[in-house]
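Accompanying notes for the structure given below.
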Number of protein chains: 6
Amino acid sequence: MAEQWYAWFNGRIVPEIEARVPFRDQGFKYGDAVFDTTRTFNHRLFKLDEHIERLYRSLAYLRIDPGLTPVEMMRITEEVVTKNLEHVPKGEDIWATQRITRGIVGDDKREWPDYPDRTVIVECRPLPYRQRARFYRDGIEVVIPSVRRTPPDAISPRAKTHNYLNLILADLEVKEKNPDALAVLLDTNGNLCEGRGSNIFLVRSGEVVTPNERYVLPGVSRQTAIDLARENGLTVHEADIDLYDALTADEAFITSTSFCVCPVGTINGARIGDGTIPGPVTKGIMDAYVNLVECDWVGQYLRYVNE
Amino acid sequence: MAEQWYAWFNGRIVPEIEARVPFRDQGFKYGDAVFDTTRTFNHRLFKLDEHIERLYRSLAYLRIDPGLTPVEMMRITEEVVTKNLEHVPKGEDIWATQRITRGIVGDDKREWPDYPDRTVIVECRPLPYRQRARFYRDGIEVVIPSVRRTPPDAISPRAKTHNYLNLILADLEVKEKNPDALAVLLDTNGNLCEGRGSNIFLVRSGEVVTPNERYVLPGVSRQTAIDLARENGLTVHEADIDLYDALTADEAFITSTSFCVCPVGTINGARIGDGTIPGPVTKGIMDAYVNLVECDWVGQYLRYVNE
Amino acid sequence: MAEQWYAWFNGRIVPEIEARVPFRDQGFKYGDAVFDTTRTFNHRLFKLDEHIERLYRSLAYLRIDPGLTPVEMMRITEEVVTKNLEHVPKGEDIWATQRITRGIVGDDKREWPDYPDRTVIVECRPLPYRQRARFYRDGIEVVIPSVRRTPPDAISPRAKTHNYLNLILADLEVKEKNPDALAVLLDTNGNLCEGRGSNIFLVRSGEVVTPNERYVLPGVSRQTAIDLARENGLTVHEADIDLYDALTADEAFITSTSFCVCPVGTINGARIGDGTIPGPVTKGIMDAYVNLVECDWVGQYLRYVNE
Amino acid sequence: MAEQWYAWFNGRIVPEIEARVPFRDQGFKYGDAVFDTTRTFNHRLFKLDEHIERLYRSLAYLRIDPGLTPVEMMRITEEVVTKNLEHVPKGEDIWATQRITRGIVGDDKREWPDYPDRTVIVECRPLPYRQRARFYRDGIEVVIPSVRRTPPDAISPRAKTHNYLNLILADLEVKEKNPDALAVLLDTNGNLCEGRGSNIFLVRSGEVVTPNERYVLPGVSRQTAIDLARENGLTVHEADIDLYDALTADEAFITSTSFCVCPVGTINGARIGDGTIPGPVTKGIMDAYVNLVECDWVGQYLRYVNE
Amino acid sequence: MAEQWYAWFNGRIVPEIEARVPFRDQGFKYGDAVFDTTRTFNHRLFKLDEHIERLYRSLAYLRIDPGLTPVEMMRITEEVVTKNLEHVPKGEDIWATQRITRGIVGDDKREWPDYPDRTVIVECRPLPYRQRARFYRDGIEVVIPSVRRTPPDAISPRAKTHNYLNLILADLEVKEKNPDALAVLLDTNGNLCEGRGSNIFLVRSGEVVTPNERYVLPGVSRQTAIDLARENGLTVHEADIDLYDALTADEAFITSTSFCVCPVGTINGARIGDGTIPGPVTKGIMDAYVNLVECDWVGQYLRYVNE
Amino acid sequence: MAEQWYAWFNGRIVPEIEARVPFRDQGFKYGDAVFDTTRTFNHRLFKLDEHIERLYRSLAYLRIDPGLTPVEMMRITEEVVTKNLEHVPKGEDIWATQRITRGIVGDDKREWPDYPDRTVIVECRPLPYRQRARFYRDGIEVVIPSVRRTPPDAISPRAKTHNYLNLILADLEVKEKNPDALAVLLDTNGNLCEGRGSNIFLVRSGEVVTPNERYVLPGVSRQTAIDLARENGLTVHEADIDLYDALTADEAFITSTSFCVCPVGTINGARIGDGTIPGPVTKGIMDAYVNLVECDWVGQYLRYVNE
């Protein structure tokens, strides 16, 4: 694509390529920054207020002052999204991400006396339809890496920060064998927790179960899936679940901002249930999700299957 | 200071202020980067080869290809240091740091087609003589935060990466009460491990003990202190040590690239030993360190005490 | 007893003594096999479908293919039970167990080219009325061993496999002191979990509590007791419970396929509650259990008390 | 191969196919049994006494009485080996394994009144030259599974028992992706421990390191490698080592009774050191091992490379 | 105050100063004793029966026989309280505490042949209005120490015993920096648990959450606050909560026998919510508490603010 | 015995029965106190200086100021011992114990305005020759309880304090089955650590091993045994040891101030080694200990065997 993408960078909208961060910024030197990502459906932002609320909780956890109110942050996000959607085709949607760093602190400011007190970026990206299309037909291949999720008394997995190496190490381990695999990590206690930006759900005997929030990012899509499942008359538990649950499940699915709800085909190479993709419970939640957002995101993905 | 500082940035030496990283760089988005820092004594780099060797181990752990050999990295470092030392007075020394990110990957390259395959920065900073001077007279105040060091099966503390939030959370907790305090964290097992870029040593009954390497960055200064202590005829153990050891020690000291060896005055507010700063064993190691590097860094710090 | 007992062995019913397993079978060399056990009441099998469902979950966890459908497995079980009941007196009942191994694999098949792809055994045993009769009068003596239950990230306690050494070590430790004692282990986190094939329940202030499923085999009798307690109007919790709960309980009882519901007299030698055996809540659940299965199994046990 | 293999089974040598274990044997029902395996070099048993000593420690741990003295067990082993070697070509060697179960206990003896008090088997197998030949040329591919090694307070990894499901689960996970991979597990603390019957060693800066004995079977080949390394003038540490050590090592190798010493090519897909197979330190220990046993087992393996 | 305080000591009411314990008493030598504390509102004891019930559970846990029935213990407590209230002004209330030791055991009785079989003390103290008044205006400053709460498999935090060093170490650590701070410890798993005799609650999005009972003393005031919150129409969860929950809460409060409900101002120095003291939900529960006990304890505290 | 025993109590020597502690003393209310115990051989105190040094480390850990120098504490101890030995027969020896509490603090001083700033007691007891005599003939029966030793990040086992409930719970559990048994606890990691005031040693293949100091009180007798073993030419390791080590040991023994060195007969009911009491290595260390202290304490104990 040759279109120009734009980002809000420290106060104004600029071509993405102009948004460059001083290497002295804590956000670069230490990943000392937070972010959050929402997406559009039919070019409209989905649950922006809930994402911004979570963003401000991440800021509170790290004691970073964004210098903007939540309302301002939402307005800026809408503005950047509108600007970027100008050249996006109707049938496709985009991600929108806010990023706030602690800025340049202490002696490091010496050479950068005029730099703002923190870096604030709001930016957009197209959704990865092509790379993921196959998952909606065949199911994602979930693999459990040996790397464990960082425990909450070291740093809480519930804050969405720029410190992603724990999840990247997991991905490196898993993708080295199978570039299409999705790593879902175990927590310190050996329970399933989460993958990079994604939550896992299991279905057994018609009930739905997903890991407790404590070791996982409280995904907005996760909550949407829980709500829709309950509206569909299903029982949903948040519980400690492990590999026994995974290998004996009837169905499994992943939720994330971009995946929405995506069926799982295998876990550690073992086929889940009878292999129907998606299973009936998963299908019901996917359909409800499509109805909720009034956008056939499943069709959007599947359109790319044979390209 | 009005002097200009310079950095090597993706292939050439530029004024520091020109070294800006695309926000799409993995190093910014995820802290997906490594670094290492050495310093000069009398304007000469100290143990650069050992720091570069550790840097390349950090790279191997994260599977990042720096695109440069260790020898090239050393040469670049020397060059940047020489350039920056031009305006540094004789009696003062500087830090030199290498930083390598994983660069911009996958779809993110869309808008940045010409950006190099990774970001490489080599940069210098003056040492914080003024802020730390008092520690050499009174001893550092060490405080143990409630935040625990990230365990090695999540991400190894031995790789020096741009993911510092675990250590920053510890610092926020400790400095909120006492801005001069140094946080030294406990590891997952409740043993003392390390502070931000610094190692801790205890002295009891004439023997020196420091935490095992597994949960701590294998500091070059730490190893130098161990070697000097042994040359001074002292027994040095690497061991699991805890708060009982700390509160019943005769002396304690911190090592780091910039601190070299710095006496500890209190741990969690309790005076260590009889309160002599530095204690005789610590003093012996400090003296040996000064002799080794042929530079009176203690004097450099103390000169700022009354400013 | 001089009666002949029969087992289904790799395709046909044979006298038990002919059911012998090649030592090269994974089931023998490594305990690489699963099993499940149900029982009869009044010579009728109890909840066979739920036991077979659990058996197939154990198979899924270990990725063993039994070569038989659940329906076939149930039919075979019925057949073996019928055959063995021929000589069992009316007032007594029996156990029925299915066992499936991974068979002989790889090079080990060299000398056994014609052996089936796995070993399948279905077998029966008389219930141990005599040994256990006293427990229904006096209560079982529960003892907590120092051996901890294997954690789920090593091997899930919820799969019923031929790897029982963890439980056997617990039994050896406990029975050495008191051959009649029942070992109930703590899990990795120090919570009560389960004994060999048996679940534990506590009663306090009229509420019933039993360990969470994650660290314990999800007993069919456990679920039956939970259901009956709720039908009796009791509140039942699944929770993390520990020795404090045990030592301060008003009543305690054990459930298992053969015990059904058996009152606990002491835990680590401390009398539970006021020492009534069974306590009123336990008695209510025992009565309900007798009603449900239309068989006075309590009377069956107690008949042997004075023999 | 059409040759007949023989085993000692409860008192006499019989064709292997006659050695069948009652399904009521604790060894079958619960994996309640121990074993140990040694091998021949040039048709002579290697360190049989050390293997038998370890076998009797496993028996002591499980409190199983073998009914035979160590000397008798050695004599029987020699006898079985001699019988089986009759048809083994000069250039090839074999494994010899002792297995002792707790036998049939309690009520289970009802139908088996004449069965011995325990099952004792001594048996032989050819070495898997063909399957492993490639590893000596290319290095083994080591993969760390998510399954953790059973902790010692549940059941000690140092006793060699018939409870292998923990290791089998690890193998299933790893081999599903890569049938040639060797699983090396992490222990409860996140340290490298061992694979199925195999120990791991790392080499860095000319020093050799291997996991502490506590979480690993104290391999006889492991000890032989340690001894030979020290005789070669190398420093050998037993230590807690983790993935950082593995990914930053210069060389790595595996030891086991059958592997002796086998170079590692990759760990989690990352090439170890500069990729020389075997590395110089590993090569030195392999050569010393060949000298010690006066048998070119490396050549034996490599002969099969191109078959 | 010059008034005389009285205590029940081994059978009779004496001036407090006469209640002295033999140093050979297990209660002194080992803290081998339990206690419980209730208070008066308007000079009437609050929920004495629930405190005495908990006291007897602590006794059961430690297997100490108090030699008195719960009814006798209540009667004695009433008697001691009545005696002490004689000189307490109407607008103030007091604490009442029962203490029972295991007495002098074994050889230690040698010199104390006539001492009773255990020490029983019932005693009263004035409430610390003055010291705590400020907390009701400004909020308590909660600090998380590095010391972790003793895990239940070592000794249950739910028994209220004379072994308080774990909590005292936490207090020493926290108060050294800030004498007014209240230490709230993390449990073994890194979750918030409790402070010395006090429970913590968080409020977020109008829901109330407090740590699970397992790692915390099941406070009577804690239960009262839960009940009142539910009567106020609030949802209350018992859950694993951590520092992320704390730092992102809208409100927080502490409960204890003497605090009743006290607002939290800061946690680790970070202001909770928007800083209103008390927050609206906390205020609602405080008001309901005042109504329940028909005593304006908030006013009692605040009266001392400016003294 | 009808003799009068004396104690030093807050400044003077009094009949033991006059040493009574205010119930408001932190030492009584919270076990907020430390102690240490040495003994005499031939009426002479053994290694008093090392015990006093450890006592002052315990004080430092708890930040209690004893108000006396170590030299004064030693002098007082000598004085009390001399006083008490007056009526002790030549062939028998005694214990001497120092105890220091934090005293009465804060508001609690109200009724006790004149009480000293802390309670200091120095007291003596006869050794329990009769109760333990049999252990020297038959070996102690060691039992591992389910209760785990308190972890160092909650409260260090290395400080000898008046908080003994963790050890008392272990004793209650073990002695309920066998009043003569000695509880030796596992630490948090499942390693053997220590019993109440006693350390454990194992002997295998002529080498001696004992748990690392971190989880155990650094016993003075433990160090004496280590020193004597080394002087006897034995290799002694401090290491993580577990039940596998215990059950496969050739010999085992216990050290403590009063036991000195006492052979172990069984661990969890399993006979250690070939059952010789004491085993040859243990015997050698016992003999050396007798020589060192010039007192036949073994004979002293054995004299009571048949009484």
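Starting from 1 in every chain, residues are counted up; chains themselves are A, B, ... following the order of the structure tokens, and ligands are numbered from 1 as listed.
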
Pairing the C-alpha atoms in order across the whole chain, superpose chain B onto chain A by least squares and write the result as a compact mmCIF listing (two decimals) with C-alpha atoms, in the first residue's frame.
```txt
# COMPACT_ATOMS: atom_id res chain seq x y z
CA MET B 1 0.03 -0.03 -0.09
CA ALA B 2 1.26 3.39 -0.99
CA GLU B 3 -1.08 5.38 1.24
CA GLN B 4 0.26 7.74 3.82
CA TRP B 5 -0.51 6.91 7.45
CA TYR B 6 -0.69 9.57 10.13
CA ALA B 7 -0.07 9.67 13.85
CA TRP B 8 -0.68 12.16 16.65
CA PHE B 9 2.76 12.89 18.06
CA ASN B 10 3.23 15.14 21.06
CA GLY B 11 0.48 17.52 20.15
CA ARG B 12 -0.12 17.32 16.45
CA ILE B 13 -0.95 14.95 13.65
CA VAL B 14 2.03 14.14 11.48
CA PRO B 15 2.90 11.57 8.82
CA GLU B 16 3.82 8.40 10.71
CA ILE B 17 7.39 8.62 9.53
CA GLU B 18 7.92 11.85 11.42
CA ALA B 19 7.01 10.30 14.75
CA ARG B 20 10.45 9.54 16.17
CA VAL B 21 11.31 9.24 19.83
CA PRO B 22 14.52 10.53 21.45
CA PHE B 23 16.62 7.56 22.49
CA ARG B 24 16.89 9.17 25.95
CA ASP B 25 13.13 8.78 26.43
CA GLN B 26 12.35 6.33 29.26
CA GLY B 27 9.93 4.71 26.85
CA PHE B 28 12.82 3.69 24.63
CA LYS B 29 15.54 3.04 27.20
CA TYR B 30 13.38 1.00 29.56
CA GLY B 31 10.07 0.28 27.88
CA ASP B 32 8.77 2.66 30.54
CA ALA B 33 5.49 3.36 28.79
CA VAL B 34 1.94 2.09 28.43
CA PHE B 35 -0.35 1.57 25.50
CA ASP B 36 -3.79 0.35 24.57
CA THR B 37 -5.33 -0.66 21.30
CA THR B 38 -8.87 -0.63 20.04
CA ARG B 39 -10.20 -1.19 16.52
CA THR B 40 -12.95 -0.09 14.21
CA PHE B 41 -15.88 -2.08 12.88
CA ASN B 42 -17.34 -0.56 9.75
CA HIS B 43 -15.00 2.35 10.37
CA ARG B 44 -16.45 3.05 13.83
CA LEU B 45 -14.33 2.68 16.98
CA PHE B 46 -15.44 -0.15 19.26
CA LYS B 47 -15.72 0.37 23.05
CA LEU B 48 -13.18 3.18 22.98
CA ASP B 49 -14.19 4.31 26.46
CA GLU B 50 -13.41 0.91 27.98
CA HIS B 51 -10.00 0.80 26.30
CA ILE B 52 -9.20 4.33 27.50
CA GLU B 53 -10.31 3.39 31.01
CA ARG B 54 -7.91 0.44 30.95
CA LEU B 55 -5.17 2.69 29.55
CA TYR B 56 -5.56 5.03 32.52
CA ARG B 57 -5.37 2.11 34.93
CA SER B 58 -2.08 1.07 33.32
CA LEU B 59 -0.88 4.66 33.80
CA ALA B 60 -1.96 4.63 37.45
CA TYR B 61 -0.10 1.35 38.04
CA LEU B 62 3.13 2.86 36.67
CA ARG B 63 2.45 6.32 38.14
CA ILE B 64 2.83 8.00 34.77
CA ASP B 65 1.00 11.30 34.28
CA PRO B 66 -0.25 11.49 30.66
CA GLY B 67 -0.92 15.23 30.78
CA LEU B 68 -4.29 14.62 29.09
CA THR B 69 -7.70 13.72 30.42
CA PRO B 70 -9.43 10.55 29.27
CA VAL B 71 -11.87 12.67 27.32
CA GLU B 72 -9.06 14.45 25.50
CA MET B 73 -7.42 11.13 24.76
CA MET B 74 -10.65 9.83 23.26
CA ARG B 75 -11.09 12.93 21.15
CA ILE B 76 -7.54 12.69 19.80
CA THR B 77 -8.04 9.02 19.02
CA GLU B 78 -11.21 9.76 17.07
CA GLU B 79 -9.41 12.48 15.14
CA VAL B 80 -6.45 10.27 14.19
CA VAL B 81 -8.76 7.45 13.19
CA THR B 82 -10.85 9.71 11.00
CA LYS B 83 -7.73 11.03 9.29
CA ASN B 84 -6.38 7.55 8.59
CA LEU B 85 -9.67 6.02 7.49
CA GLU B 86 -9.83 8.42 4.57
CA HIS B 87 -7.91 6.00 2.41
CA VAL B 88 -9.13 2.69 3.92
CA PRO B 89 -11.64 0.78 1.79
CA LYS B 90 -15.15 0.34 3.19
CA GLY B 91 -14.89 -3.38 3.85
CA GLU B 92 -11.77 -3.15 5.93
CA ASP B 93 -11.05 -1.87 9.41
CA ILE B 94 -8.07 -0.64 11.38
CA TRP B 95 -6.39 -0.66 14.75
CA ALA B 96 -5.91 2.52 16.81
CA THR B 97 -3.30 2.67 19.56
CA GLN B 98 -2.41 5.20 22.25
CA ARG B 99 1.13 5.20 23.68
CA ILE B 100 2.38 7.31 26.62
CA THR B 101 5.93 7.24 28.00
CA ARG B 102 7.43 8.71 31.16
CA GLY B 103 9.46 10.99 28.90
CA ILE B 104 13.03 12.14 29.43
CA VAL B 105 13.88 12.40 33.12
CA GLY B 106 16.61 13.86 35.29
CA ASP B 107 20.04 14.42 33.82
CA ASP B 108 18.94 12.94 30.53
CA LYS B 109 17.09 16.19 29.80
CA ARG B 110 20.40 18.03 29.49
CA GLU B 111 20.56 17.75 25.72
CA TRP B 112 16.79 17.84 25.22
CA PRO B 113 15.70 20.87 27.25
CA ASP B 114 12.65 21.60 25.13
CA TYR B 115 11.25 18.11 24.78
CA PRO B 116 7.76 17.68 26.30
CA ASP B 117 7.32 16.09 29.72
CA ARG B 118 6.32 12.77 28.21
CA THR B 119 5.86 11.29 24.75
CA VAL B 120 2.27 10.77 23.62
CA ILE B 121 1.52 8.97 20.38
CA VAL B 122 -1.81 7.94 18.88
CA GLU B 123 -1.43 5.81 15.78
CA CYS B 124 -3.28 3.49 13.43
CA ARG B 125 -2.53 0.30 11.53
CA PRO B 126 -4.44 -1.89 9.04
CA LEU B 127 -5.69 -5.21 10.41
CA PRO B 128 -3.69 -8.33 9.38
CA TYR B 129 -6.51 -9.98 7.44
CA ARG B 130 -4.30 -11.93 5.09
CA GLN B 131 -1.99 -13.49 7.69
CA ARG B 132 -4.85 -14.68 9.88
CA ALA B 133 -7.49 -15.66 7.37
CA ARG B 134 -6.59 -19.33 7.51
CA PHE B 135 -7.18 -19.48 11.27
CA TYR B 136 -10.89 -18.89 10.79
CA ARG B 137 -11.13 -21.86 8.46
CA ASP B 138 -8.73 -24.29 10.17
CA GLY B 139 -8.46 -23.03 13.72
CA ILE B 140 -5.39 -21.51 15.35
CA GLU B 141 -2.63 -23.83 16.47
CA VAL B 142 -2.00 -22.99 20.12
CA VAL B 143 1.32 -24.04 21.64
CA ILE B 144 2.33 -23.77 25.30
CA PRO B 145 5.95 -22.55 25.57
CA SER B 146 8.28 -23.30 28.46
CA VAL B 147 8.52 -19.58 29.23
CA ARG B 148 6.19 -18.64 32.07
CA ARG B 149 4.20 -15.41 32.33
CA THR B 150 5.76 -12.81 34.61
CA PRO B 151 4.21 -13.03 38.08
CA PRO B 152 2.16 -10.10 39.42
CA ASP B 153 4.48 -9.42 42.35
CA ALA B 154 7.27 -8.70 39.84
CA ILE B 155 5.10 -6.78 37.36
CA SER B 156 1.40 -7.18 36.82
CA PRO B 157 0.32 -8.77 33.53
CA ARG B 158 -2.78 -6.64 33.82
CA ALA B 159 -1.02 -3.40 32.95
CA LYS B 160 -0.46 -3.08 29.19
CA THR B 161 3.09 -1.75 29.00
CA HIS B 162 5.98 -1.47 26.57
CA ASN B 163 7.77 -4.33 28.43
CA TYR B 164 6.88 -7.24 26.15
CA LEU B 165 10.04 -9.33 26.23
CA ASN B 166 8.44 -12.05 28.35
CA LEU B 167 5.79 -12.52 25.65
CA ILE B 168 8.32 -12.14 22.85
CA LEU B 169 10.51 -14.88 24.33
CA ALA B 170 7.46 -17.12 24.35
CA ASP B 171 6.73 -16.29 20.74
CA LEU B 172 10.32 -16.88 19.63
CA GLU B 173 10.21 -20.31 21.25
CA VAL B 174 6.94 -21.30 19.66
CA LYS B 175 7.24 -19.77 16.21
CA GLU B 176 10.68 -21.26 15.67
CA LYS B 177 8.89 -24.58 15.19
CA ASN B 178 5.73 -23.30 13.60
CA PRO B 179 5.52 -19.69 12.39
CA ASP B 180 1.72 -19.81 12.47
CA ALA B 181 1.46 -21.01 16.05
CA LEU B 182 0.11 -18.82 18.82
CA ALA B 183 1.92 -19.03 22.16
CA VAL B 184 -0.36 -19.21 25.21
CA LEU B 185 1.72 -19.09 28.37
CA LEU B 186 1.35 -20.76 31.74
CA ASP B 187 1.45 -18.57 34.80
CA THR B 188 3.69 -19.06 37.83
CA ASN B 189 1.28 -21.67 39.21
CA GLY B 190 1.16 -23.71 36.02
CA ASN B 191 -2.25 -22.47 34.90
CA LEU B 192 -3.01 -21.32 31.40
CA CYS B 193 -3.01 -17.55 31.29
CA GLU B 194 -2.69 -15.61 28.05
CA GLY B 195 -0.91 -15.06 24.79
CA ARG B 196 0.42 -11.84 23.34
CA GLY B 197 -2.61 -9.62 23.49
CA SER B 198 -4.98 -12.55 23.43
CA ASN B 199 -7.16 -14.50 25.88
CA ILE B 200 -8.09 -18.16 25.73
CA PHE B 201 -11.46 -19.82 26.36
CA LEU B 202 -12.38 -23.49 26.66
CA VAL B 203 -15.76 -25.13 26.23
CA ARG B 204 -16.66 -28.38 27.98
CA SER B 205 -20.04 -29.96 28.38
CA GLY B 206 -21.62 -26.77 27.12
CA GLU B 207 -19.96 -24.56 29.73
CA VAL B 208 -17.40 -21.88 28.95
CA VAL B 209 -14.32 -21.29 31.05
CA THR B 210 -11.48 -18.76 30.85
CA PRO B 211 -8.52 -18.00 33.15
CA ASN B 212 -9.00 -15.74 36.15
CA GLU B 213 -8.22 -12.12 35.55
CA ARG B 214 -5.33 -11.92 38.01
CA TYR B 215 -2.66 -13.31 35.71
CA VAL B 216 -4.09 -11.99 32.45
CA LEU B 217 -4.80 -8.71 30.82
CA PRO B 218 -8.51 -8.06 31.30
CA GLY B 219 -9.28 -8.03 27.60
CA VAL B 220 -12.17 -5.92 26.37
CA SER B 221 -12.92 -8.60 23.76
CA ARG B 222 -12.65 -11.21 26.50
CA GLN B 223 -15.35 -9.39 28.44
CA THR B 224 -17.44 -8.98 25.31
CA ALA B 225 -17.23 -12.73 24.66
CA ILE B 226 -18.19 -13.48 28.27
CA ASP B 227 -21.17 -11.15 28.04
CA LEU B 228 -22.32 -12.60 24.71
CA ALA B 229 -21.92 -16.18 25.94
CA ARG B 230 -24.10 -15.39 28.94
CA GLU B 231 -26.67 -13.70 26.74
CA ASN B 232 -26.65 -16.91 24.67
CA GLY B 233 -27.67 -18.73 27.85
CA LEU B 234 -24.28 -20.28 28.54
CA THR B 235 -22.63 -20.65 31.93
CA VAL B 236 -19.25 -18.90 31.97
CA HIS B 237 -16.65 -19.49 34.70
CA GLU B 238 -13.43 -17.64 35.41
CA ALA B 239 -11.20 -20.29 36.93
CA ASP B 240 -7.74 -21.77 37.26
CA ILE B 241 -7.45 -23.99 34.19
CA ASP B 242 -4.57 -26.10 33.03
CA LEU B 243 -3.38 -28.44 30.33
CA TYR B 244 -5.77 -31.19 31.44
CA ASP B 245 -8.65 -28.82 30.81
CA ALA B 246 -7.19 -27.83 27.47
CA LEU B 247 -6.59 -31.37 26.20
CA THR B 248 -10.00 -32.59 27.29
CA ALA B 249 -12.02 -29.61 26.05
CA ASP B 250 -14.76 -29.91 23.45
CA GLU B 251 -13.89 -26.57 21.88
CA ALA B 252 -11.48 -23.71 22.43
CA PHE B 253 -11.24 -20.19 21.13
CA ILE B 254 -9.10 -17.07 21.35
CA THR B 255 -10.28 -13.53 21.84
CA SER B 256 -8.46 -10.30 21.12
CA THR B 257 -9.19 -6.86 19.77
CA SER B 258 -8.30 -7.95 16.26
CA PHE B 259 -9.24 -11.64 16.43
CA CYS B 260 -12.56 -10.86 18.10
CA VAL B 261 -13.31 -14.59 18.50
CA CYS B 262 -11.16 -17.12 16.67
CA PRO B 263 -11.52 -20.92 16.90
CA VAL B 264 -8.59 -23.03 18.13
CA GLY B 265 -7.75 -26.11 16.08
CA THR B 266 -5.01 -27.74 18.13
CA ILE B 267 -3.27 -27.28 21.48
CA ASN B 268 0.27 -28.61 21.61
CA GLY B 269 -0.58 -30.46 18.44
CA ALA B 270 -3.57 -32.30 19.89
CA ARG B 271 -6.85 -31.78 18.06
CA ILE B 272 -9.49 -30.16 20.26
CA GLY B 273 -12.81 -32.00 20.49
CA ASP B 274 -14.05 -33.61 17.28
CA GLY B 275 -12.22 -31.09 15.13
CA THR B 276 -15.21 -29.07 13.86
CA ILE B 277 -14.03 -25.49 13.16
CA PRO B 278 -15.64 -23.56 14.68
CA GLY B 279 -17.43 -25.75 17.20
CA PRO B 280 -21.10 -25.01 17.82
CA VAL B 281 -20.63 -23.00 21.02
CA THR B 282 -17.80 -20.98 19.50
CA LYS B 283 -19.89 -20.44 16.40
CA GLY B 284 -22.75 -19.12 18.52
CA ILE B 285 -20.51 -16.58 20.20
CA MET B 286 -18.93 -15.54 16.90
CA ASP B 287 -22.35 -14.96 15.41
CA ALA B 288 -23.45 -12.94 18.40
CA TYR B 289 -20.27 -10.87 18.14
CA VAL B 290 -20.94 -10.14 14.49
CA ASN B 291 -24.46 -9.05 15.38
CA LEU B 292 -23.28 -6.89 18.24
CA VAL B 293 -20.79 -4.93 16.15
CA GLU B 294 -22.95 -5.01 13.05
CA CYS B 295 -19.96 -5.98 10.96
CA ASP B 296 -19.14 -9.33 9.38
CA TRP B 297 -15.51 -9.49 10.53
CA VAL B 298 -15.52 -13.26 10.00
CA GLY B 299 -16.31 -12.71 6.37
CA GLN B 300 -13.63 -10.01 6.19
CA TYR B 301 -11.02 -12.52 7.34
CA LEU B 302 -12.27 -15.46 5.27
CA ARG B 303 -12.28 -13.41 2.11
CA TYR B 304 -8.48 -13.62 2.24
CA VAL B 305 -8.29 -17.37 2.68
CA ASN B 306 -7.45 -18.25 -0.84
CA GLU B 307 -5.35 -15.27 -1.73
```

Enumerate, as a ChimeraX atom specification, the complete set of residues in range 127-276 of chain E that a backbone-based DSSP assignment places in strand (DSSP E). /E:140-143,182-186,192-195,198-204,207-211,236-239,251-256,260-267,270-271

Write down as a ChimeraX atom specification the residues belonging to range 89-267 of chain A that are assigned alpha helix (DSSP H) by DSSP computed on the backbone. /A:129-138,165-175,220-231,243-247
